[in-house]
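Chemist: Handing over start.cif, mmCIF, C-alpha atoms.
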data_start
loop_
_atom_site.group_PDB
_atom_site.id
_atom_site.type_symbol
_atom_site.label_atom_id
_atom_site.label_comp_id
_atom_site.auth_asym_id
_atom_site.auth_seq_id
_atom_site.Cartn_x
_atom_site.Cartn_y
_atom_site.Cartn_z
ATOM 1 C CA MET A 122 111.381 129.119 122.698
ATOM 2 C CA ALA A 123 109.654 132.510 122.879
ATOM 3 C CA LEU A 124 109.909 134.233 126.245
ATOM 4 C CA SER A 125 107.618 136.922 127.587
ATOM 5 C CA ILE A 126 107.462 138.844 130.858
ATOM 6 C CA GLY A 127 104.196 138.863 132.791
ATOM 7 C CA VAL A 128 103.352 141.318 135.560
ATOM 8 C CA ASP A 129 100.407 140.807 137.924
ATOM 9 C CA VAL A 130 99.476 144.039 139.731
ATOM 10 C CA GLY A 131 97.571 143.287 142.921
ATOM 11 C CA GLY A 132 96.356 145.395 145.795
ATOM 12 C CA THR A 133 99.077 144.186 148.165
ATOM 13 C CA LYS A 134 101.795 142.823 145.872
ATOM 14 C CA ILE A 135 103.206 143.053 142.383
ATOM 15 C CA ALA A 136 104.380 139.732 140.977
ATOM 16 C CA ALA A 137 106.366 139.376 137.772
ATOM 17 C CA GLY A 138 107.869 136.455 135.935
ATOM 18 C CA VAL A 139 109.482 135.220 132.753
ATOM 19 C CA VAL A 140 107.206 132.742 130.990
ATOM 20 C CA ASP A 141 107.934 130.462 128.050
ATOM 21 C CA ASP A 142 105.484 129.479 125.325
ATOM 22 C CA GLU A 143 104.442 126.363 127.247
ATOM 23 C CA GLY A 144 103.342 128.415 130.231
ATOM 24 C CA GLU A 145 106.344 127.492 132.354
ATOM 25 C CA VAL A 146 107.579 130.201 134.722
ATOM 26 C CA LEU A 147 111.370 130.416 134.593
ATOM 27 C CA GLU A 148 111.905 133.099 137.223
ATOM 28 C CA THR A 149 109.721 135.288 139.422
ATOM 29 C CA ILE A 150 110.029 138.487 141.432
ATOM 30 C CA ARG A 151 107.600 139.783 144.045
ATOM 31 C CA ARG A 152 107.414 143.248 145.510
ATOM 32 C CA ASP A 153 105.040 144.821 148.014
ATOM 33 C CA SER A 154 102.586 147.018 146.160
ATOM 34 C CA PRO A 155 103.051 150.720 147.024
ATOM 35 C CA ALA A 156 99.386 151.075 147.952
ATOM 36 C CA LYS A 157 97.550 153.456 145.613
ATOM 37 C CA GLU A 158 100.391 155.747 144.613
ATOM 38 C CA ARG A 159 100.231 155.821 140.818
ATOM 39 C CA GLN A 160 103.831 156.754 140.098
ATOM 40 C CA ALA A 161 105.204 154.395 142.722
ATOM 41 C CA ILE A 162 103.258 151.513 141.187
ATOM 42 C CA ILE A 163 104.542 152.379 137.716
ATOM 43 C CA ASP A 164 108.094 152.592 139.037
ATOM 44 C CA THR A 165 107.745 149.154 140.644
ATOM 45 C CA ILE A 166 106.384 147.630 137.418
ATOM 46 C CA VAL A 167 109.308 149.112 135.487
ATOM 47 C CA SER A 168 111.824 147.954 138.098
ATOM 48 C CA VAL A 169 110.745 144.301 138.146
ATOM 49 C CA THR A 170 110.457 144.226 134.353
ATOM 50 C CA GLU A 171 113.948 145.621 133.867
ATOM 51 C CA GLU A 172 115.372 143.162 136.380
ATOM 52 C CA LEU A 173 113.832 140.207 134.549
ATOM 53 C CA LYS A 174 114.828 141.620 131.172
ATOM 54 C CA GLY A 175 118.408 141.830 132.406
ATOM 55 C CA ALA A 176 118.356 138.162 133.415
ATOM 56 C CA PHE A 177 116.542 137.059 130.242
ATOM 57 C CA PRO A 178 117.476 139.493 127.447
ATOM 58 C CA GLU A 179 115.696 137.289 124.909
ATOM 59 C CA ALA A 180 112.307 138.156 126.461
ATOM 60 C CA ALA A 181 110.504 140.034 123.687
ATOM 61 C CA THR A 182 107.192 141.264 125.143
ATOM 62 C CA VAL A 183 105.604 142.378 128.402
ATOM 63 C CA GLY A 184 102.045 141.711 129.576
ATOM 64 C CA ILE A 185 100.544 143.540 132.550
ATOM 65 C CA GLY A 186 97.443 142.281 134.339
ATOM 66 C CA ALA A 187 95.680 145.022 136.290
ATOM 67 C CA ALA A 188 92.305 145.466 137.969
ATOM 68 C CA GLY A 189 89.889 147.780 136.219
ATOM 69 C CA PHE A 190 88.251 148.407 132.872
ATOM 70 C CA ILE A 191 90.897 148.136 130.168
ATOM 71 C CA ASP A 192 90.199 149.859 126.863
ATOM 72 C CA ALA A 193 90.021 147.728 123.721
ATOM 73 C CA ASP A 194 93.393 149.194 122.699
ATOM 74 C CA ARG A 195 94.906 147.119 125.576
ATOM 75 C CA ASN A 196 96.894 150.196 126.500
ATOM 76 C CA THR A 197 94.619 152.545 128.426
ATOM 77 C CA ILE A 198 93.101 152.108 131.888
ATOM 78 C CA ALA A 199 89.612 153.376 131.053
ATOM 79 C CA HIS A 200 88.587 153.152 134.695
ATOM 80 C CA GLY A 201 90.787 152.039 137.568
ATOM 81 C CA THR A 202 88.555 150.334 140.111
ATOM 82 C CA ASN A 203 91.101 150.011 142.927
ATOM 83 C CA LEU A 204 94.077 152.063 141.764
ATOM 84 C CA ASP A 205 94.157 155.753 140.903
ATOM 85 C CA TRP A 206 95.108 155.523 137.256
ATOM 86 C CA THR A 207 91.943 156.122 135.274
ATOM 87 C CA GLY A 208 92.860 157.385 131.800
ATOM 88 C CA LEU A 209 96.490 156.281 132.084
ATOM 89 C CA ARG A 210 98.056 154.884 128.903
ATOM 90 C CA LEU A 211 99.942 152.355 130.980
ATOM 91 C CA ALA A 212 101.362 150.296 128.129
ATOM 92 C CA ASP A 213 102.909 153.363 126.498
ATOM 93 C CA VAL A 214 104.392 154.575 129.778
ATOM 94 C CA VAL A 215 106.003 151.239 130.648
ATOM 95 C CA SER A 216 107.107 150.498 127.072
ATOM 96 C CA GLU A 217 108.967 153.788 126.882
ATOM 97 C CA LYS A 218 110.868 152.897 130.048
ATOM 98 C CA VAL A 219 111.735 149.262 129.330
ATOM 99 C CA GLY A 220 112.120 149.326 125.550
ATOM 100 C CA LEU A 221 109.779 146.414 124.839
ATOM 101 C CA PRO A 222 106.226 146.129 123.439
ATOM 102 C CA VAL A 223 103.735 146.148 126.332
ATOM 103 C CA VAL A 224 100.134 144.961 126.481
ATOM 104 C CA VAL A 225 97.737 145.656 129.372
ATOM 105 C CA GLU A 226 95.012 143.168 130.267
ATOM 106 C CA ASN A 227 92.259 143.079 132.852
ATOM 107 C CA ASP A 228 93.637 140.927 135.671
ATOM 108 C CA ALA A 229 90.694 138.504 135.572
ATOM 109 C CA ASN A 230 91.157 138.046 131.825
ATOM 110 C CA ALA A 231 94.847 137.364 132.404
ATOM 111 C CA PHE A 232 94.418 134.611 134.973
ATOM 112 C CA GLY A 233 91.432 133.216 133.069
ATOM 113 C CA TRP A 234 93.494 132.953 129.912
ATOM 114 C CA ALA A 235 96.161 131.043 131.840
ATOM 115 C CA GLU A 236 93.538 128.501 132.901
ATOM 116 C CA ALA A 237 92.240 128.259 129.343
ATOM 117 C CA ARG A 238 95.673 127.761 127.796
ATOM 118 C CA PHE A 239 97.586 125.825 130.428
ATOM 119 C CA GLY A 240 95.255 124.983 133.313
ATOM 120 C CA ALA A 241 91.954 123.282 134.034
ATOM 121 C CA ALA A 242 90.348 124.368 130.722
ATOM 122 C CA ARG A 243 93.274 123.557 128.427
ATOM 123 C CA GLY A 244 92.145 121.970 125.192
ATOM 124 C CA LYS A 245 88.702 123.568 125.421
ATOM 125 C CA GLN A 246 87.569 126.131 122.860
ATOM 126 C CA ASN A 247 84.735 127.538 124.971
ATOM 127 C CA ALA A 248 85.234 128.123 128.679
ATOM 128 C CA LEU A 249 83.961 130.256 131.537
ATOM 129 C CA ILE A 250 86.539 131.025 134.233
ATOM 130 C CA VAL A 251 85.310 132.628 137.455
ATOM 131 C CA ALA A 252 87.499 134.005 140.239
ATOM 132 C CA ILE A 253 85.833 134.322 143.628
ATOM 133 C CA GLY A 254 87.715 136.339 146.198
ATOM 134 C CA THR A 255 86.803 139.620 147.842
ATOM 135 C CA GLY A 256 84.835 140.284 144.659
ATOM 136 C CA LEU A 257 83.856 138.117 141.718
ATOM 137 C CA GLY A 258 85.527 138.418 138.329
ATOM 138 C CA GLY A 259 86.177 136.194 135.412
ATOM 139 C CA ALA A 260 87.096 135.558 131.845
ATOM 140 C CA ILE A 261 85.179 134.174 128.875
ATOM 141 C CA VAL A 262 86.789 132.189 126.072
ATOM 142 C CA VAL A 263 84.698 131.715 122.924
ATOM 143 C CA ASN A 264 85.966 129.646 120.001
ATOM 144 C CA GLY A 265 89.476 129.817 121.413
ATOM 145 C CA GLN A 266 89.502 133.602 121.746
ATOM 146 C CA LEU A 267 89.255 135.794 124.824
ATOM 147 C CA LEU A 268 85.990 137.731 124.779
ATOM 148 C CA ARG A 269 86.698 141.431 125.335
ATOM 149 C CA GLY A 270 83.729 143.077 123.624
ATOM 150 C CA ALA A 271 83.519 146.320 121.676
ATOM 151 C CA ALA A 272 84.936 148.598 124.366
ATOM 152 C CA GLY A 273 87.127 145.976 126.012
ATOM 153 C CA PHE A 274 84.825 145.655 129.032
ATOM 154 C CA GLY A 275 83.454 142.163 128.355
ATOM 155 C CA GLY A 276 83.499 139.387 130.922
ATOM 156 C CA GLU A 277 82.359 141.365 133.984
ATOM 157 C CA ILE A 278 80.654 138.285 135.374
ATOM 158 C CA GLY A 279 80.332 139.666 138.891
ATOM 159 C CA HIS A 280 78.061 142.461 137.732
ATOM 160 C CA ILE A 281 75.237 140.559 136.133
ATOM 161 C CA ASN A 282 72.062 141.232 138.094
ATOM 162 C CA VAL A 283 70.621 138.313 140.040
ATOM 163 C CA VAL A 284 68.513 140.078 142.694
ATOM 164 C CA PRO A 285 66.546 143.105 141.438
ATOM 165 C CA ASP A 286 66.825 145.975 143.937
ATOM 166 C CA GLY A 287 69.138 143.799 146.021
ATOM 167 C CA ARG A 288 72.280 144.649 147.950
ATOM 168 C CA PRO A 289 74.112 147.798 146.805
ATOM 169 C CA CYS A 290 77.281 147.148 144.834
ATOM 170 C CA GLY A 291 80.450 149.200 144.507
ATOM 171 C CA CYS A 292 79.771 149.497 140.782
ATOM 172 C CA GLY A 293 76.757 151.720 141.555
ATOM 173 C CA GLN A 294 74.102 149.122 140.780
ATOM 174 C CA TYR A 295 72.061 146.839 143.033
ATOM 175 C CA GLY A 296 71.775 143.081 143.234
ATOM 176 C CA CYS A 297 75.004 142.164 141.407
ATOM 177 C CA LEU A 298 76.147 138.555 141.537
ATOM 178 C CA GLU A 299 79.309 139.406 143.470
ATOM 179 C CA ARG A 300 77.228 140.921 146.277
ATOM 180 C CA TYR A 301 75.773 137.445 146.864
ATOM 181 C CA SER A 302 78.533 135.085 145.758
ATOM 182 C CA ALA A 303 81.920 136.546 146.741
ATOM 183 C CA GLY A 304 83.936 136.425 149.960
ATOM 184 C CA THR A 305 82.481 139.681 151.223
ATOM 185 C CA ALA A 306 78.976 138.306 150.620
ATOM 186 C CA LEU A 307 79.822 135.303 152.775
ATOM 187 C CA GLY A 308 80.816 137.668 155.573
ATOM 188 C CA VAL A 309 77.584 139.628 155.148
ATOM 189 C CA ASN A 310 75.604 136.393 155.371
ATOM 190 C CA GLY A 311 77.334 135.601 158.655
ATOM 191 C CA TRP A 312 76.811 139.114 159.985
ATOM 192 C CA GLU A 313 73.100 139.000 159.201
ATOM 193 C CA LEU A 314 72.689 135.703 161.048
ATOM 194 C CA ALA A 315 74.593 137.113 164.007
ATOM 195 C CA GLN A 316 72.244 140.106 164.188
ATOM 196 C CA TYR A 317 69.049 138.112 164.284
ATOM 197 C CA ARG A 318 70.093 134.680 165.577
ATOM 198 C CA PRO A 319 73.222 135.276 167.673
ATOM 199 C CA ALA A 320 72.978 131.981 169.552
ATOM 200 C CA TYR A 321 72.737 130.077 166.258
ATOM 201 C CA ALA A 322 75.734 131.989 164.880
ATOM 202 C CA ALA A 323 77.749 131.630 168.097
ATOM 203 C CA ARG A 324 80.653 129.717 166.518
ATOM 204 C CA ILE A 325 81.011 132.236 163.700
ATOM 205 C CA ILE A 326 81.037 135.069 166.248
ATOM 206 C CA GLU A 327 83.603 133.210 168.371
ATOM 207 C CA LEU A 328 85.923 132.772 165.374
ATOM 208 C CA SER A 329 85.562 136.516 164.729
ATOM 209 C CA GLY A 330 87.036 137.391 168.110
ATOM 210 C CA GLY A 331 83.619 137.645 169.722
ATOM 211 C CA ASP A 332 82.686 140.723 167.696
ATOM 212 C CA PRO A 333 79.806 140.280 165.204
ATOM 213 C CA ASP A 334 80.951 143.388 163.357
ATOM 214 C CA ARG A 335 84.250 141.657 162.539
ATOM 215 C CA ILE A 336 82.695 138.631 160.870
ATOM 216 C CA SER A 337 84.469 137.829 157.605
ATOM 217 C CA GLY A 338 84.237 135.218 154.917
ATOM 218 C CA LYS A 339 87.311 133.541 156.405
ATOM 219 C CA ALA A 340 85.585 133.116 159.771
ATOM 220 C CA VAL A 341 82.497 131.662 158.127
ATOM 221 C CA THR A 342 84.638 129.254 156.087
ATOM 222 C CA ALA A 343 86.545 128.136 159.179
ATOM 223 C CA ALA A 344 83.250 127.404 160.952
ATOM 224 C CA ALA A 345 81.881 125.624 157.882
ATOM 225 C CA ARG A 346 84.923 123.334 157.821
ATOM 226 C CA GLU A 347 83.928 122.291 161.354
ATOM 227 C CA GLY A 348 80.418 121.485 160.155
ATOM 228 C CA ASP A 349 78.801 124.434 161.926
ATOM 229 C CA PRO A 350 75.139 124.617 160.768
ATOM 230 C CA ALA A 351 75.003 128.416 160.686
ATOM 231 C CA ALA A 352 78.151 128.642 158.569
ATOM 232 C CA LEU A 353 76.876 125.978 156.206
ATOM 233 C CA GLN A 354 73.641 127.976 155.891
ATOM 234 C CA CYS A 355 75.747 130.999 154.868
ATOM 235 C CA TYR A 356 77.388 128.844 152.216
ATOM 236 C CA ALA A 357 74.018 127.498 151.071
ATOM 237 C CA SER A 358 72.862 131.038 150.299
ATOM 238 C CA LEU A 359 76.111 131.907 148.515
ATOM 239 C CA THR A 360 76.218 128.740 146.416
ATOM 240 C CA HIS A 361 72.557 129.103 145.461
ATOM 241 C CA TRP A 362 73.179 132.484 143.876
ATOM 242 C CA LEU A 363 76.481 131.396 142.384
ATOM 243 C CA GLY A 364 74.778 128.427 140.727
ATOM 244 C CA VAL A 365 72.011 130.673 139.395
ATOM 245 C CA GLY A 366 74.515 133.200 138.049
ATOM 246 C CA LEU A 367 76.590 130.531 136.325
ATOM 247 C CA ALA A 368 73.457 129.015 134.784
ATOM 248 C CA ASP A 369 72.460 132.441 133.456
ATOM 249 C CA MET A 370 75.886 132.811 131.835
ATOM 250 C CA CYS A 371 75.636 129.343 130.299
ATOM 251 C CA ALA A 372 72.267 130.130 128.740
ATOM 252 C CA ILE A 373 74.120 132.757 126.697
ATOM 253 C CA LEU A 374 77.594 131.267 126.242
ATOM 254 C CA ASP A 375 77.111 127.476 126.285
ATOM 255 C CA PRO A 376 80.675 126.739 127.471
ATOM 256 C CA GLU A 377 82.312 123.336 127.569
ATOM 257 C CA ILE A 378 83.616 123.842 131.096
ATOM 258 C CA ILE A 379 83.417 126.220 134.066
ATOM 259 C CA VAL A 380 86.551 126.798 136.140
ATOM 260 C CA ILE A 381 86.355 128.228 139.666
ATOM 261 C CA ALA A 382 89.418 130.094 140.940
ATOM 262 C CA GLY A 383 90.235 132.624 143.654
ATOM 263 C CA GLY A 384 90.553 132.565 147.414
ATOM 264 C CA LEU A 385 87.080 131.189 148.073
ATOM 265 C CA ALA A 386 87.824 128.191 145.860
ATOM 266 C CA GLU A 387 90.062 126.972 148.690
ATOM 267 C CA ALA A 388 86.851 125.952 150.467
ATOM 268 C CA GLY A 389 86.799 123.025 148.026
ATOM 269 C CA GLY A 390 83.770 120.779 148.276
ATOM 270 C CA ILE A 391 81.993 123.108 150.715
ATOM 271 C CA LEU A 392 81.720 125.548 147.818
ATOM 272 C CA LEU A 393 81.781 123.248 144.809
ATOM 273 C CA GLU A 394 79.205 120.558 145.565
ATOM 274 C CA PRO A 395 76.213 122.793 146.474
ATOM 275 C CA THR A 396 77.134 125.130 143.616
ATOM 276 C CA LYS A 397 76.914 122.232 141.174
ATOM 277 C CA LYS A 398 73.503 121.291 142.561
ATOM 278 C CA ALA A 399 72.138 124.845 142.310
ATOM 279 C CA PHE A 400 73.621 125.183 138.834
ATOM 280 C CA ALA A 401 71.996 121.986 137.592
ATOM 281 C CA GLU A 402 68.611 123.082 138.949
ATOM 282 C CA ALA A 403 68.823 126.500 137.271
ATOM 283 C CA LEU A 404 70.402 125.516 133.942
ATOM 284 C CA THR A 405 68.148 126.071 130.930
ATOM 285 C CA ALA A 406 67.593 122.809 128.997
ATOM 286 C CA GLY A 407 69.941 121.132 131.455
ATOM 287 C CA PRO A 408 68.785 117.528 130.871
ATOM 288 C CA HIS A 409 69.037 117.958 127.096
ATOM 289 C CA ARG A 410 72.525 119.418 126.744
ATOM 290 C CA PRO A 411 75.992 117.914 127.183
ATOM 291 C CA ALA A 412 77.209 118.069 130.760
ATOM 292 C CA ILE A 413 79.069 121.258 131.710
ATOM 293 C CA PRO A 414 81.611 120.298 134.372
ATOM 294 C CA ILE A 415 82.444 122.769 137.137
ATOM 295 C CA VAL A 416 86.026 122.262 138.320
ATOM 296 C CA LEU A 417 88.628 124.010 140.449
ATOM 297 C CA ALA A 418 91.457 125.980 138.848
ATOM 298 C CA GLU A 419 94.957 124.526 138.532
ATOM 299 C CA GLY A 420 97.099 127.601 137.868
ATOM 300 C CA GLY A 421 97.781 128.751 141.404
ATOM 301 C CA GLN A 422 99.132 132.150 142.386
ATOM 302 C CA GLU A 423 101.179 132.579 139.216
ATOM 303 C CA ALA A 424 98.232 132.271 136.820
ATOM 304 C CA GLY A 425 97.806 136.034 136.482
ATOM 305 C CA LEU A 426 101.344 136.718 135.320
ATOM 306 C CA VAL A 427 101.361 133.602 133.119
ATOM 307 C CA GLY A 428 98.193 134.711 131.331
ATOM 308 C CA ALA A 429 99.404 138.293 130.917
ATOM 309 C CA ALA A 430 102.709 137.094 129.474
ATOM 310 C CA ASP A 431 101.047 134.694 127.036
ATOM 311 C CA LEU A 432 98.541 137.275 125.828
ATOM 312 C CA ALA A 433 101.372 139.751 125.223
ATOM 313 C CA ARG A 434 103.356 137.164 123.267
ATOM 314 C CA ARG A 435 100.343 136.344 121.102
ATOM 315 C CA SER A 436 99.809 140.025 120.288
ATOM 316 C CA ALA A 437 103.377 140.529 119.068
#
Turn this file's structure into structure tokens for me.
Modeler:
Amino acid sequence: MALSIGVDVGGTKIAAGVVDDEGEVLETIRRDSPAKERQAIIDTIVSVTEELKGAFPEAATVGIGAAGFIDADRNTIAHGTNLDWTGLRLADVVSEKVGLPVVVENDANAFGWAEARFGAARGKQNALIVAIGTGLGGAIVVNGQLLRGAAGFGGEIGHINVVPDGRPCGCGQYGCLERYSAGTALGVNGWELAQYRPAYAARIIELSGGDPDRISGKAVTAAAREGDPAALQCYASLTHWLGVGLADMCAILDPEIIVIAGGLAEAGGILLEPTKKAFAEALTAGPHRPAIPIVLAEGGQEAGLVGAADLARRSA
């Protein structure tokens, strides 16, 4: 049994675990993330890795899943989107400290790989895994291999353009899919309704503490679970664009399955059923191709560290 250590670096926590070659997590550690302090984050990664290595000395590799653009060398953070470590050769730094080979992966690729290997897409050679939370990320598996692209930046699903000259995105472009299909987009949908139809959006405003400027995706989801028409309208807009975006991806990739993960996936059928409908309507040659199921992820909160660990083991 080959053991590997996976580390999932999030904005609020750092989770690490020892993972076997069947994707089973044998032990985990969680630490609060030291905000955006580069050295403190590195020190925490090293600390949890050394602790797990001490408990499982047979662990032979380390995989780190981190947000940002990861260079094709799977070592360098080419651009850190949330953390201040652009240009950092993270794998080298951690490897020198812990004495094991280290591989760095984009966090969306890491969790997506876990779903492809051990979760909802296991057994499939071609899969599209989409994580919908505050933003929208994902992973693409083609012929059993993770698609990284020439520079290592492949799979940025959230930044395909769906609305020309649309909402501004943090990436610097306009009209990106995540600006219409992520949790923040759901909050924006609710805020817009509250500005122009406050009586209609009354329940959403109430669940936001009575302040329209505090409307969030969580408040909209809570109202939608109650059957509130305004909240369901917010979801209708989100799922329309999500279905269109997924259909665009399928016109290029032709996957066997689409897996939806992330915090917004907890909305279940409120998200899934209208997305499937919009997807079917937008899918090129839809009636003439094999069905592409859209399902919810199975990996849970540990998927990121499981995927990072497995990818590191496979690179050894």
Chemist: Evaluate the PyMOL selection byres ((chain A and resi 416-425) around 6) on the structure here and hand back the selected residues as a list in words.
Modeler: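 Given this file, the PyMOL selection byres ((chain A and resi 416-425) around 6) evaluates to Asp129, Ala231, Phe232, Ala235, Gly240, Ala241, Val380, Ile381, Ala382, Ile415, Leu426, Val427 and Gly428 of chain A.
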Chemist: Could you expand the PyMOL selection byres ((chain A and resi 395-404) around 10) into the explicit residues it covers here, written as a tab-separated table (two decimals) with C-alpha atoms, in the coordinates of the input?
Modeler:
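Below is the file that was written, selection-v4.tsv:
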chain	number	residue	atom	x	y	z
A	356	TYR	CA	77.39	128.84	152.22
A	357	ALA	CA	74.02	127.50	151.07
A	358	SER	CA	72.86	131.04	150.30
A	359	LEU	CA	76.11	131.91	148.51
A	360	THR	CA	76.22	128.74	146.42
A	361	HIS	CA	72.56	129.10	145.46
A	362	TRP	CA	73.18	132.48	143.88
A	363	LEU	CA	76.48	131.40	142.38
A	364	GLY	CA	74.78	128.43	140.73
A	365	VAL	CA	72.01	130.67	139.40
A	366	GLY	CA	74.52	133.20	138.05
A	367	LEU	CA	76.59	130.53	136.32
A	368	ALA	CA	73.46	129.01	134.78
A	369	ASP	CA	72.46	132.44	133.46
A	370	MET	CA	75.89	132.81	131.84
A	371	CYS	CA	75.64	129.34	130.30
A	372	ALA	CA	72.27	130.13	128.74
A	390	GLY	CA	83.77	120.78	148.28
A	391	ILE	CA	81.99	123.11	150.72
A	392	LEU	CA	81.72	125.55	147.82
A	393	LEU	CA	81.78	123.25	144.81
A	394	GLU	CA	79.20	120.56	145.56
A	405	THR	CA	68.15	126.07	130.93
A	406	ALA	CA	67.59	122.81	129.00
A	407	GLY	CA	69.94	121.13	131.46
A	408	PRO	CA	68.78	117.53	130.87
A	410	ARG	CA	72.53	119.42	126.74
A	412	ALA	CA	77.21	118.07	130.76
A	413	ILE	CA	79.07	121.26	131.71
A	414	PRO	CA	81.61	120.30	134.37
A	415	ILE	CA	82.44	122.77	137.14
A	416	VAL	CA	86.03	122.26	138.32
Chemist: What's around A:Ala344 at 12 Å? Count all atoms listed in the file, leave out sequence neighbours fewer than 6 positions away in its own chain, and write the answer as an MDAnalysis selection string.
Modeler: chainID A and resid 307:308 311 322:329 336:338 350:356 388 391
Chemist: Could those residues be written to a file, using C-alpha atoms, as a CSV table (one decimal), in the coordinates of the input?
Modeler:
chain,number,residue,atom,x,y,z
A,307,LEU,CA,79.8,135.3,152.8
A,308,GLY,CA,80.8,137.7,155.6
A,311,GLY,CA,77.3,135.6,158.7
A,322,ALA,CA,75.7,132.0,164.9
A,323,ALA,CA,77.7,131.6,168.1
A,324,ARG,CA,80.7,129.7,166.5
A,325,ILE,CA,81.0,132.2,163.7
A,326,ILE,CA,81.0,135.1,166.2
A,327,GLU,CA,83.6,133.2,168.4
A,328,LEU,CA,85.9,132.8,165.4
A,329,SER,CA,85.6,136.5,164.7
A,336,ILE,CA,82.7,138.6,160.9
A,337,SER,CA,84.5,137.8,157.6
A,338,GLY,CA,84.2,135.2,154.9
A,350,PRO,CA,75.1,124.6,160.8
A,351,ALA,CA,75.0,128.4,160.7
A,352,ALA,CA,78.2,128.6,158.6
A,353,LEU,CA,76.9,126.0,156.2
A,354,GLN,CA,73.6,128.0,155.9
A,355,CYS,CA,75.7,131.0,154.9
A,356,TYR,CA,77.4,128.8,152.2
A,388,ALA,CA,86.9,126.0,150.5
A,391,ILE,CA,82.0,123.1,150.7
Chemist: Work out how far atom CA of A:Thr182 is from atom CA of A:Glu277, in Å to one decimal.
Modeler: 26.4 Å
Chemist: Would you mind telling me which residue in A:Glu347, A:Glu158, A:Glu226, A:Asp213 lies nearest to A:Asp431 when using all atoms listed in the file?
Modeler: A:Glu226
Chemist: Name all residues at most 9 Å from stretch 159-174 of chain A (count all atoms listed in the file; drop same-chain ones fewer than 3 positions away) and give them as a PyMOL selection string.
Modeler: chain A and resi 126-128+130+135-139+148-156+177-181+183+185+204-206+211+214-216+218-219
Chemist: Would you save the residues of that selection, restricted to C-alpha atoms, as a short mmCIF file (atom, residue, chain, number, x, y, z; two decimals), keeping the file's coordinate frame?
Modeler:
data_model
loop_
_atom_site.label_atom_id
_atom_site.label_comp_id
_atom_site.auth_asym_id
_atom_site.auth_seq_id
_atom_site.Cartn_x
_atom_site.Cartn_y
_atom_site.Cartn_z
CA ILE A 126 107.46 138.84 130.86
CA GLY A 127 104.20 138.86 132.79
CA VAL A 128 103.35 141.32 135.56
CA VAL A 130 99.48 144.04 139.73
CA ILE A 135 103.21 143.05 142.38
CA ALA A 136 104.38 139.73 140.98
CA ALA A 137 106.37 139.38 137.77
CA GLY A 138 107.87 136.46 135.94
CA VAL A 139 109.48 135.22 132.75
CA GLU A 148 111.90 133.10 137.22
CA THR A 149 109.72 135.29 139.42
CA ILE A 150 110.03 138.49 141.43
CA ARG A 151 107.60 139.78 144.04
CA ARG A 152 107.41 143.25 145.51
CA ASP A 153 105.04 144.82 148.01
CA SER A 154 102.59 147.02 146.16
CA PRO A 155 103.05 150.72 147.02
CA ALA A 156 99.39 151.07 147.95
CA PHE A 177 116.54 137.06 130.24
CA PRO A 178 117.48 139.49 127.45
CA GLU A 179 115.70 137.29 124.91
CA ALA A 180 112.31 138.16 126.46
CA ALA A 181 110.50 140.03 123.69
CA VAL A 183 105.60 142.38 128.40
CA ILE A 185 100.54 143.54 132.55
CA LEU A 204 94.08 152.06 141.76
CA ASP A 205 94.16 155.75 140.90
CA TRP A 206 95.11 155.52 137.26
CA LEU A 211 99.94 152.35 130.98
CA VAL A 214 104.39 154.57 129.78
CA VAL A 215 106.00 151.24 130.65
CA SER A 216 107.11 150.50 127.07
CA LYS A 218 110.87 152.90 130.05
CA VAL A 219 111.74 149.26 129.33
#
Chemist: Which residue out of A:Ala343, A:Val263, A:Cys292, A:Leu298 has the minimum interatomic distance to A:Gly279 when all atoms listed in the file are used?
Modeler: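 Ranked by minimum distance to A:Gly279, first place goes to A:Leu298.
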Chemist: Between A:Leu124, A:Val283, A:Ile250, A:Leu221, single out the one closest to A:Trp234, counting all atoms listed in the file.
Modeler: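 Closest to A:Trp234 of all the choices is A:Ile250.
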